[in-house]
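See below for work01.cif, which holds mmCIF, C-alpha atoms.
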```cif
data_coords
#
loop_
_atom_site.group_PDB
_atom_site.id
_atom_site.type_symbol
_atom_site.label_atom_id
_atom_site.label_comp_id
_atom_site.auth_asym_id
_atom_site.auth_seq_id
_atom_site.Cartn_x
_atom_site.Cartn_y
_atom_site.Cartn_z
ATOM 1 C CA MET H 1 18.865 -30.005 253.525
ATOM 2 C CA PRO H 2 21.029 -26.860 253.153
ATOM 3 C CA ASN H 3 19.543 -24.016 251.150
ATOM 4 C CA ARG H 4 20.865 -24.147 247.579
ATOM 5 C CA ILE H 5 21.833 -20.486 247.640
ATOM 6 C CA SER H 6 24.153 -20.881 250.602
ATOM 7 C CA ALA H 7 25.616 -24.068 249.163
ATOM 8 C CA SER H 8 26.268 -22.519 245.743
ATOM 9 C CA PHE H 9 28.805 -20.006 247.040
ATOM 10 C CA LYS H 10 30.868 -22.725 248.691
ATOM 11 C CA ASP H 11 31.729 -24.345 245.378
ATOM 12 C CA HIS H 12 32.186 -21.517 242.881
ATOM 13 C CA LYS H 13 31.598 -17.924 241.884
ATOM 14 C CA VAL H 14 28.033 -17.303 240.792
ATOM 15 C CA PHE H 15 26.808 -16.265 237.346
ATOM 16 C CA ALA H 16 23.166 -15.331 237.865
ATOM 17 C CA GLY H 17 20.751 -14.715 235.039
ATOM 18 C CA TYR H 18 17.470 -12.807 235.233
ATOM 19 C CA ILE H 19 14.414 -13.460 233.082
ATOM 20 C CA THR H 20 10.950 -11.906 233.138
ATOM 21 C CA VAL H 21 8.663 -14.919 233.369
ATOM 22 C CA GLY H 22 5.822 -14.881 230.877
ATOM 23 C CA ASP H 23 7.721 -13.044 228.162
ATOM 24 C CA GLY H 24 8.283 -15.961 225.798
ATOM 25 C CA ASP H 25 8.834 -19.613 226.659
ATOM 26 C CA SER H 26 10.369 -19.043 230.084
ATOM 27 C CA VAL H 27 11.294 -22.672 230.733
ATOM 28 C CA ALA H 28 13.128 -22.964 227.406
ATOM 29 C CA ILE H 29 14.831 -19.590 227.988
ATOM 30 C CA ALA H 30 15.953 -20.698 231.437
ATOM 31 C CA LYS H 31 17.391 -23.934 230.060
ATOM 32 C CA ALA H 32 19.254 -22.029 227.336
ATOM 33 C CA LEU H 33 20.865 -19.768 229.929
ATOM 34 C CA ILE H 34 21.809 -22.713 232.134
ATOM 35 C CA GLN H 35 23.462 -24.351 229.126
ATOM 36 C CA GLY H 36 25.381 -21.104 228.665
ATOM 37 C CA GLY H 37 26.877 -21.219 232.154
ATOM 38 C CA VAL H 38 24.301 -19.496 234.330
ATOM 39 C CA ASN H 39 24.323 -21.204 237.731
ATOM 40 C CA MET H 40 21.640 -19.173 239.512
ATOM 41 C CA LEU H 41 18.354 -17.865 238.112
ATOM 42 C CA GLU H 42 16.303 -14.856 239.128
ATOM 43 C CA LEU H 43 12.698 -15.342 238.044
ATOM 44 C CA GLY H 44 11.075 -11.967 237.497
ATOM 45 C CA VAL H 45 7.436 -11.670 238.554
ATOM 46 C CA PRO H 46 5.814 -9.206 236.114
ATOM 47 C CA PHE H 47 4.368 -6.036 237.611
ATOM 48 C CA SER H 48 2.733 -3.000 236.029
ATOM 49 C CA ASP H 49 4.951 -0.435 237.780
ATOM 50 C CA PRO H 50 8.492 -1.841 238.007
ATOM 51 C CA VAL H 51 10.115 1.325 239.344
ATOM 52 C CA ALA H 52 13.633 -0.135 239.641
ATOM 53 C CA ASP H 53 13.699 -1.426 236.071
ATOM 54 C CA GLY H 54 14.684 0.296 232.864
ATOM 55 C CA PRO H 55 12.849 0.239 229.507
ATOM 56 C CA VAL H 56 13.935 -3.262 228.450
ATOM 57 C CA ILE H 57 12.526 -5.047 231.494
ATOM 58 C CA GLN H 58 9.547 -2.694 231.639
ATOM 59 C CA ARG H 59 8.591 -3.807 228.134
ATOM 60 C CA ALA H 60 9.171 -7.457 229.026
ATOM 61 C CA ALA H 61 6.918 -7.083 232.076
ATOM 62 C CA GLN H 62 4.217 -5.471 229.979
ATOM 63 C CA ARG H 63 4.317 -8.308 227.452
ATOM 64 C CA ALA H 64 4.160 -10.851 230.288
ATOM 65 C CA LEU H 65 1.141 -9.104 231.802
ATOM 66 C CA GLU H 66 -0.552 -9.063 228.407
ATOM 67 C CA ASN H 67 -0.009 -12.831 228.458
ATOM 68 C CA HIS H 68 -1.883 -12.855 231.803
ATOM 69 C CA THR H 69 1.151 -14.093 233.751
ATOM 70 C CA THR H 70 0.582 -14.311 237.514
ATOM 71 C CA LEU H 71 2.778 -15.162 240.487
ATOM 72 C CA PHE H 72 1.342 -18.678 240.431
ATOM 73 C CA ASP H 73 2.381 -19.035 236.778
ATOM 74 C CA VAL H 74 5.901 -18.060 237.825
ATOM 75 C CA LEU H 75 5.861 -20.806 240.452
ATOM 76 C CA GLU H 76 4.778 -23.330 237.817
ATOM 77 C CA VAL H 77 7.731 -22.268 235.667
ATOM 78 C CA ALA H 78 10.019 -22.686 238.675
ATOM 79 C CA LYS H 79 8.684 -26.189 239.216
ATOM 80 C CA LYS H 80 9.431 -27.153 235.608
ATOM 81 C CA ILE H 81 12.946 -25.702 235.793
ATOM 82 C CA ARG H 82 13.564 -27.500 239.089
ATOM 83 C CA ALA H 83 12.608 -30.829 237.508
ATOM 84 C CA ASP H 84 15.764 -30.612 235.355
ATOM 85 C CA SER H 85 18.124 -28.425 237.366
ATOM 86 C CA SER H 86 19.422 -28.045 240.908
ATOM 87 C CA ILE H 87 20.655 -24.445 240.566
ATOM 88 C CA PRO H 88 19.305 -21.858 243.033
ATOM 89 C CA LEU H 89 16.076 -20.101 242.004
ATOM 90 C CA VAL H 90 15.251 -16.639 243.333
ATOM 91 C CA LEU H 91 11.931 -14.821 242.964
ATOM 92 C CA PHE H 92 12.570 -11.229 241.903
ATOM 93 C CA GLY H 93 9.816 -8.648 242.019
ATOM 94 C CA TYR H 94 7.743 -6.010 243.757
ATOM 95 C CA PHE H 95 5.649 -6.413 246.876
ATOM 96 C CA ASN H 96 2.227 -5.742 245.368
ATOM 97 C CA PRO H 97 1.911 -9.114 243.543
ATOM 98 C CA PHE H 98 3.368 -10.988 246.513
ATOM 99 C CA LEU H 99 0.935 -9.398 248.966
ATOM 100 C CA HIS H 100 -2.088 -9.599 246.671
ATOM 101 C CA ALA H 101 -1.626 -13.344 246.222
ATOM 102 C CA ASP H 102 -1.594 -13.852 250.050
ATOM 103 C CA PRO H 103 1.800 -15.091 251.306
ATOM 104 C CA ALA H 104 0.179 -17.775 253.449
ATOM 105 C CA ALA H 105 -1.281 -19.264 250.267
ATOM 106 C CA TRP H 106 1.683 -19.130 247.920
ATOM 107 C CA LEU H 107 4.840 -19.434 250.030
ATOM 108 C CA PRO H 108 4.331 -23.176 250.680
ATOM 109 C CA GLN H 109 3.828 -23.646 246.934
ATOM 110 C CA ALA H 110 6.936 -21.591 246.241
ATOM 111 C CA LYS H 111 8.991 -23.855 248.453
ATOM 112 C CA SER H 112 7.593 -27.009 246.897
ATOM 113 C CA SER H 113 8.268 -25.532 243.438
ATOM 114 C CA GLY H 114 11.948 -25.203 244.262
ATOM 115 C CA ILE H 115 12.251 -21.504 245.134
ATOM 116 C CA ASP H 116 15.259 -20.786 247.356
ATOM 117 C CA GLY H 117 15.198 -17.022 247.849
ATOM 118 C CA ILE H 118 13.184 -13.880 247.292
ATOM 119 C CA LEU H 119 14.260 -10.368 246.386
ATOM 120 C CA VAL H 120 11.544 -7.736 246.865
ATOM 121 C CA VAL H 121 12.821 -4.508 245.353
ATOM 122 C CA ASP H 122 10.422 -2.108 247.076
ATOM 123 C CA LEU H 123 9.956 -3.614 250.547
ATOM 124 C CA PRO H 124 12.275 -2.152 253.222
ATOM 125 C CA TYR H 125 12.995 -4.160 256.321
ATOM 126 C CA GLU H 126 10.917 -1.940 258.598
ATOM 127 C CA GLU H 127 7.794 -2.521 256.519
ATOM 128 C CA GLY H 128 8.465 -6.146 255.714
ATOM 129 C CA LYS H 129 9.507 -7.776 258.986
ATOM 130 C CA ASN H 130 6.521 -10.090 259.186
ATOM 131 C CA PHE H 131 6.718 -11.036 255.521
ATOM 132 C CA TYR H 132 10.411 -11.817 255.718
ATOM 133 C CA ARG H 133 9.894 -13.903 258.854
ATOM 134 C CA THR H 134 7.232 -15.890 257.017
ATOM 135 C CA CYS H 135 9.614 -16.432 254.103
ATOM 136 C CA LEU H 136 12.277 -17.746 256.466
ATOM 137 C CA ALA H 137 9.751 -20.067 258.074
ATOM 138 C CA HIS H 138 9.463 -21.713 254.645
ATOM 139 C CA ASP H 139 13.266 -21.716 254.150
ATOM 140 C CA ILE H 140 13.031 -19.030 251.466
ATOM 141 C CA LEU H 141 15.847 -16.562 252.044
ATOM 142 C CA PRO H 142 15.201 -12.794 251.895
ATOM 143 C CA ILE H 143 17.760 -11.065 249.643
ATOM 144 C CA PRO H 144 18.210 -7.300 250.117
ATOM 145 C CA VAL H 145 19.451 -4.738 247.595
ATOM 146 C CA ILE H 146 22.419 -2.500 248.414
ATOM 147 C CA THR H 147 22.990 0.618 246.306
ATOM 148 C CA PRO H 148 25.930 3.003 245.841
ATOM 149 C CA VAL H 149 24.247 5.455 248.226
ATOM 150 C CA THR H 150 23.434 2.979 251.009
ATOM 151 C CA SER H 151 24.968 4.415 254.171
ATOM 152 C CA THR H 152 27.065 2.432 256.632
ATOM 153 C CA SER H 153 24.364 2.757 259.284
ATOM 154 C CA ARG H 154 21.713 1.546 256.849
ATOM 155 C CA LEU H 155 23.916 -1.342 255.757
ATOM 156 C CA LYS H 156 24.143 -2.523 259.372
ATOM 157 C CA ILE H 157 20.352 -2.615 259.605
ATOM 158 C CA ILE H 158 19.985 -4.447 256.308
ATOM 159 C CA THR H 159 22.506 -7.133 257.178
ATOM 160 C CA ARG H 160 20.533 -8.046 260.312
ATOM 161 C CA TYR H 161 17.812 -9.711 258.272
ATOM 162 C CA ALA H 162 19.673 -10.568 255.054
ATOM 163 C CA LYS H 163 20.215 -14.209 254.206
ATOM 164 C CA GLY H 164 21.878 -16.005 251.321
ATOM 165 C CA PHE H 165 23.632 -13.047 249.687
ATOM 166 C CA LEU H 166 23.494 -9.298 249.160
ATOM 167 C CA TYR H 167 22.536 -7.889 245.765
ATOM 168 C CA TYR H 168 24.662 -4.844 244.957
ATOM 169 C CA ALA H 169 23.231 -2.504 242.308
ATOM 170 C CA ASN H 170 26.340 -1.157 240.569
ATOM 171 C CA HIS H 171 24.722 2.022 239.290
ATOM 172 C CA LYS H 172 22.281 4.570 240.634
ATOM 173 C CA GLY H 173 18.917 4.520 238.894
ATOM 174 C CA THR H 174 17.234 1.664 237.068
ATOM 175 C CA THR H 175 18.346 -1.574 235.456
ATOM 176 C CA GLY H 176 19.614 -1.474 231.888
ATOM 177 C CA VAL H 177 22.562 -2.176 229.611
ATOM 178 C CA ARG H 178 25.505 0.158 230.299
ATOM 179 C CA SER H 179 29.155 0.313 229.389
ATOM 180 C CA GLY H 180 31.689 -0.218 232.143
ATOM 181 C CA LEU H 181 31.594 -0.162 235.928
ATOM 182 C CA PRO H 182 31.694 2.903 238.176
ATOM 183 C CA ALA H 183 35.183 4.063 239.139
ATOM 184 C CA ASP H 184 34.520 3.427 242.821
ATOM 185 C CA PHE H 185 33.125 -0.090 242.359
ATOM 186 C CA SER H 186 35.929 -1.896 244.221
ATOM 187 C CA GLU H 187 35.760 0.577 247.115
ATOM 188 C CA LYS H 188 32.013 0.108 247.478
ATOM 189 C CA ILE H 189 32.335 -3.685 247.489
ATOM 190 C CA ALA H 190 35.120 -3.539 250.082
ATOM 191 C CA ALA H 191 32.970 -1.368 252.341
ATOM 192 C CA ILE H 192 30.078 -3.819 252.124
ATOM 193 C CA GLN H 193 32.366 -6.789 252.763
ATOM 194 C CA SER H 194 33.621 -5.140 255.944
ATOM 195 C CA ALA H 195 30.051 -5.088 257.267
ATOM 196 C CA THR H 196 28.874 -8.610 256.415
ATOM 197 C CA HIS H 197 29.942 -12.222 256.087
ATOM 198 C CA LEU H 198 27.423 -12.805 253.286
ATOM 199 C CA PRO H 199 28.461 -13.196 249.633
ATOM 200 C CA ILE H 200 27.862 -10.250 247.303
ATOM 201 C CA LEU H 201 26.407 -10.441 243.816
ATOM 202 C CA ALA H 202 26.728 -7.350 241.633
ATOM 203 C CA GLY H 203 24.100 -6.448 239.058
ATOM 204 C CA PHE H 204 22.627 -3.551 237.046
ATOM 205 C CA GLY H 205 24.271 -2.674 233.759
ATOM 206 C CA ILE H 206 26.578 -5.647 233.140
ATOM 207 C CA SER H 207 26.971 -5.906 229.383
ATOM 208 C CA GLY H 208 29.901 -8.138 228.585
ATOM 209 C CA HIS H 209 32.841 -10.318 229.494
ATOM 210 C CA LYS H 210 35.033 -7.402 230.586
ATOM 211 C CA ASP H 211 32.490 -6.177 233.144
ATOM 212 C CA ALA H 212 31.935 -9.698 234.464
ATOM 213 C CA GLN H 213 35.608 -10.458 234.940
ATOM 214 C CA GLU H 214 36.247 -7.136 236.677
ATOM 215 C CA ILE H 215 33.390 -7.811 239.090
ATOM 216 C CA LEU H 216 34.732 -11.271 239.902
ATOM 217 C CA LYS H 217 38.007 -9.725 241.092
ATOM 218 C CA HIS H 218 36.102 -8.171 243.979
ATOM 219 C CA ALA H 219 32.650 -9.747 244.444
ATOM 220 C CA ASP H 220 31.311 -13.300 244.683
ATOM 221 C CA GLY H 221 29.379 -13.224 241.437
ATOM 222 C CA PHE H 222 27.408 -11.128 238.988
ATOM 223 C CA VAL H 223 23.887 -10.862 237.605
ATOM 224 C CA VAL H 224 22.895 -10.301 233.975
ATOM 225 C CA GLY H 225 19.313 -9.391 233.153
ATOM 226 C CA SER H 226 18.594 -6.579 230.706
ATOM 227 C CA PHE H 227 21.276 -7.804 228.307
ATOM 228 C CA PHE H 228 19.544 -11.171 227.973
ATOM 229 C CA MET H 229 16.055 -9.701 227.778
ATOM 230 C CA LYS H 230 17.139 -7.227 225.083
ATOM 231 C CA ALA H 231 18.685 -10.041 223.038
ATOM 232 C CA LEU H 232 15.409 -11.955 223.204
ATOM 233 C CA GLU H 233 13.417 -8.841 222.350
ATOM 234 C CA ASP H 234 15.642 -8.389 219.295
ATOM 235 C CA GLY H 235 14.869 -11.917 218.133
ATOM 236 C CA ALA H 236 17.782 -14.001 219.440
ATOM 237 C CA SER H 237 17.167 -17.752 219.181
ATOM 238 C CA LEU H 238 17.621 -20.047 222.160
ATOM 239 C CA LYS H 239 20.885 -21.317 220.667
ATOM 240 C CA GLU H 240 22.099 -17.752 220.251
ATOM 241 C CA LEU H 241 21.075 -16.956 223.822
ATOM 242 C CA THR H 242 23.227 -19.815 225.085
ATOM 243 C CA GLN H 243 26.189 -18.425 223.146
ATOM 244 C CA ILE H 244 25.529 -14.921 224.483
ATOM 245 C CA ALA H 245 25.608 -16.273 228.031
ATOM 246 C CA ARG H 246 28.852 -18.115 227.390
ATOM 247 C CA GLY H 247 30.361 -14.880 226.167
ATOM 248 C CA PHE H 248 30.338 -13.501 229.708
ATOM 249 C CA LEU H 249 32.783 -16.206 230.790
ATOM 250 C CA GLU H 250 36.198 -17.259 229.637
ATOM 251 C CA GLU H 251 35.477 -20.589 231.228
ATOM 252 C CA ARG H 252 32.758 -22.081 233.383
ATOM 253 C CA ILE H 253 32.750 -20.534 236.835
#
```

Any chance you could give the structure as structure tokens?
Amino acid sequence: MPNRISASFKDHKVFAGYITVGDGDSVAIAKALIQGGVNMLELGVPFSDPVADGPVIQRAAQRALENHTTLFDVLEVAKKIRADSSIPLVLFGYFNPFLHADPAAWLPQAKSSGIDGILVVDLPYEEGKNFYRTCLAHDILPIPVITPVTSTSRLKIITRYAKGFLYYANHKGTTGVRSGLPADFSEKIAAIQSATHLPILAGFGISGHKDAQEILKHADGFVVGSFFMKALEDGASLKELTQIARGFLEERI
């Protein structure tokens, strides 16, 4: 059976949504986003020191940890989402929780729960070769992050192990709601495309329909995270969250 991530890019552009699992009813939140047009989900594993994340997701992670959310809880959420949906599911997080839980113990469960890929923000290829090989052995694709300062030589190294897609962080710094894309966005995407055959999803700072549509002129999809988590933090209902998601699209991608 083909990996869902690879298959998803053959049919359409991708609208990925991120949620911090354990901050609220994650299964209901996921379903609300899917109803709003999200066709890939990143499931955030809460961690106490999320160095790539801004204040919104930091607070969400803290609330999830106060709810005693573990990696295995995230996998249970994935299993419940998978029971009703065939969209790709990607684990998003930091290496400490993944290593602490013992990959040999949880990767088989991740696969059986419906996980298709994994994005480890703070694990470079040189330090993670064995872990990434183990992920691939369970048909869970390692997704790397590319930044605006990633050099051409570094990009060549990264693309040797990357599978599924590349995650391009639009802005330097941490995640968070911003206004507009960098002036050199299209140039950066073109440079990455010249070095890889993999699809590119752009994330970090996407805050509305205009940003999303501009990204889709150049990349293969976009990721929205902080915008959704901030709406939930501010008290948005599930129905309102679905409408917020739909607002990123003129029509279903």

Contacts of region 218-231 of chain H at 8 Å or less, counting all atoms listed in the file, minus same-chain residues fewer than 2 places along, as JSON, numbers by chain?
-> {"H": [9, 13, 14, 15, 16, 17, 18, 19, 20, 56, 57, 60, 175, 176, 177, 186, 189, 190, 199, 200, 201, 202, 203, 204, 205, 206, 207, 212, 214, 215, 216, 233, 234, 235, 236, 241, 244, 245]}

Atom pair CA of Asp184 (chain H) + CA of Thr147 (chain H), distance 12.4 Å

Can you tell me, as an MDAnalysis selection string, what residues are no more than 10 Å from Gln243 (chain H) when counting only C-alpha atoms, ignoring any on the same chain fewer than 5 positions away?
-> chainID H and resid 32:33 35:37 237:238 248

Return as a VMD selection string the set of residues that the PyMOL selection byres ((chain H and resi 115) around 7) yields on the displayed structure.
-> chain H and resid 78 89 to 90 110 to 111 113 to 114 116 to 117 140

Run the PyMOL selection byres ((chain H and resi 195) around 10) against the file shown and list the residues it catches, as a PyMOL selection string.
-> chain H and resi 152-153+155-156+159+190-194+196-198

Residues picked by the PyMOL selection byres ((chain H and resi 104) around 12) here, as an MDAnalysis selection string?
-> chainID H and resid 98:103 105:111 130:131 133:135 137:138

Of the candidates H:Val21, H:Leu41, H:Ala52, H:Ile143, which one gets nearest to Phe72 (chain H) if we count all atoms listed in the file?
-> H:Val21
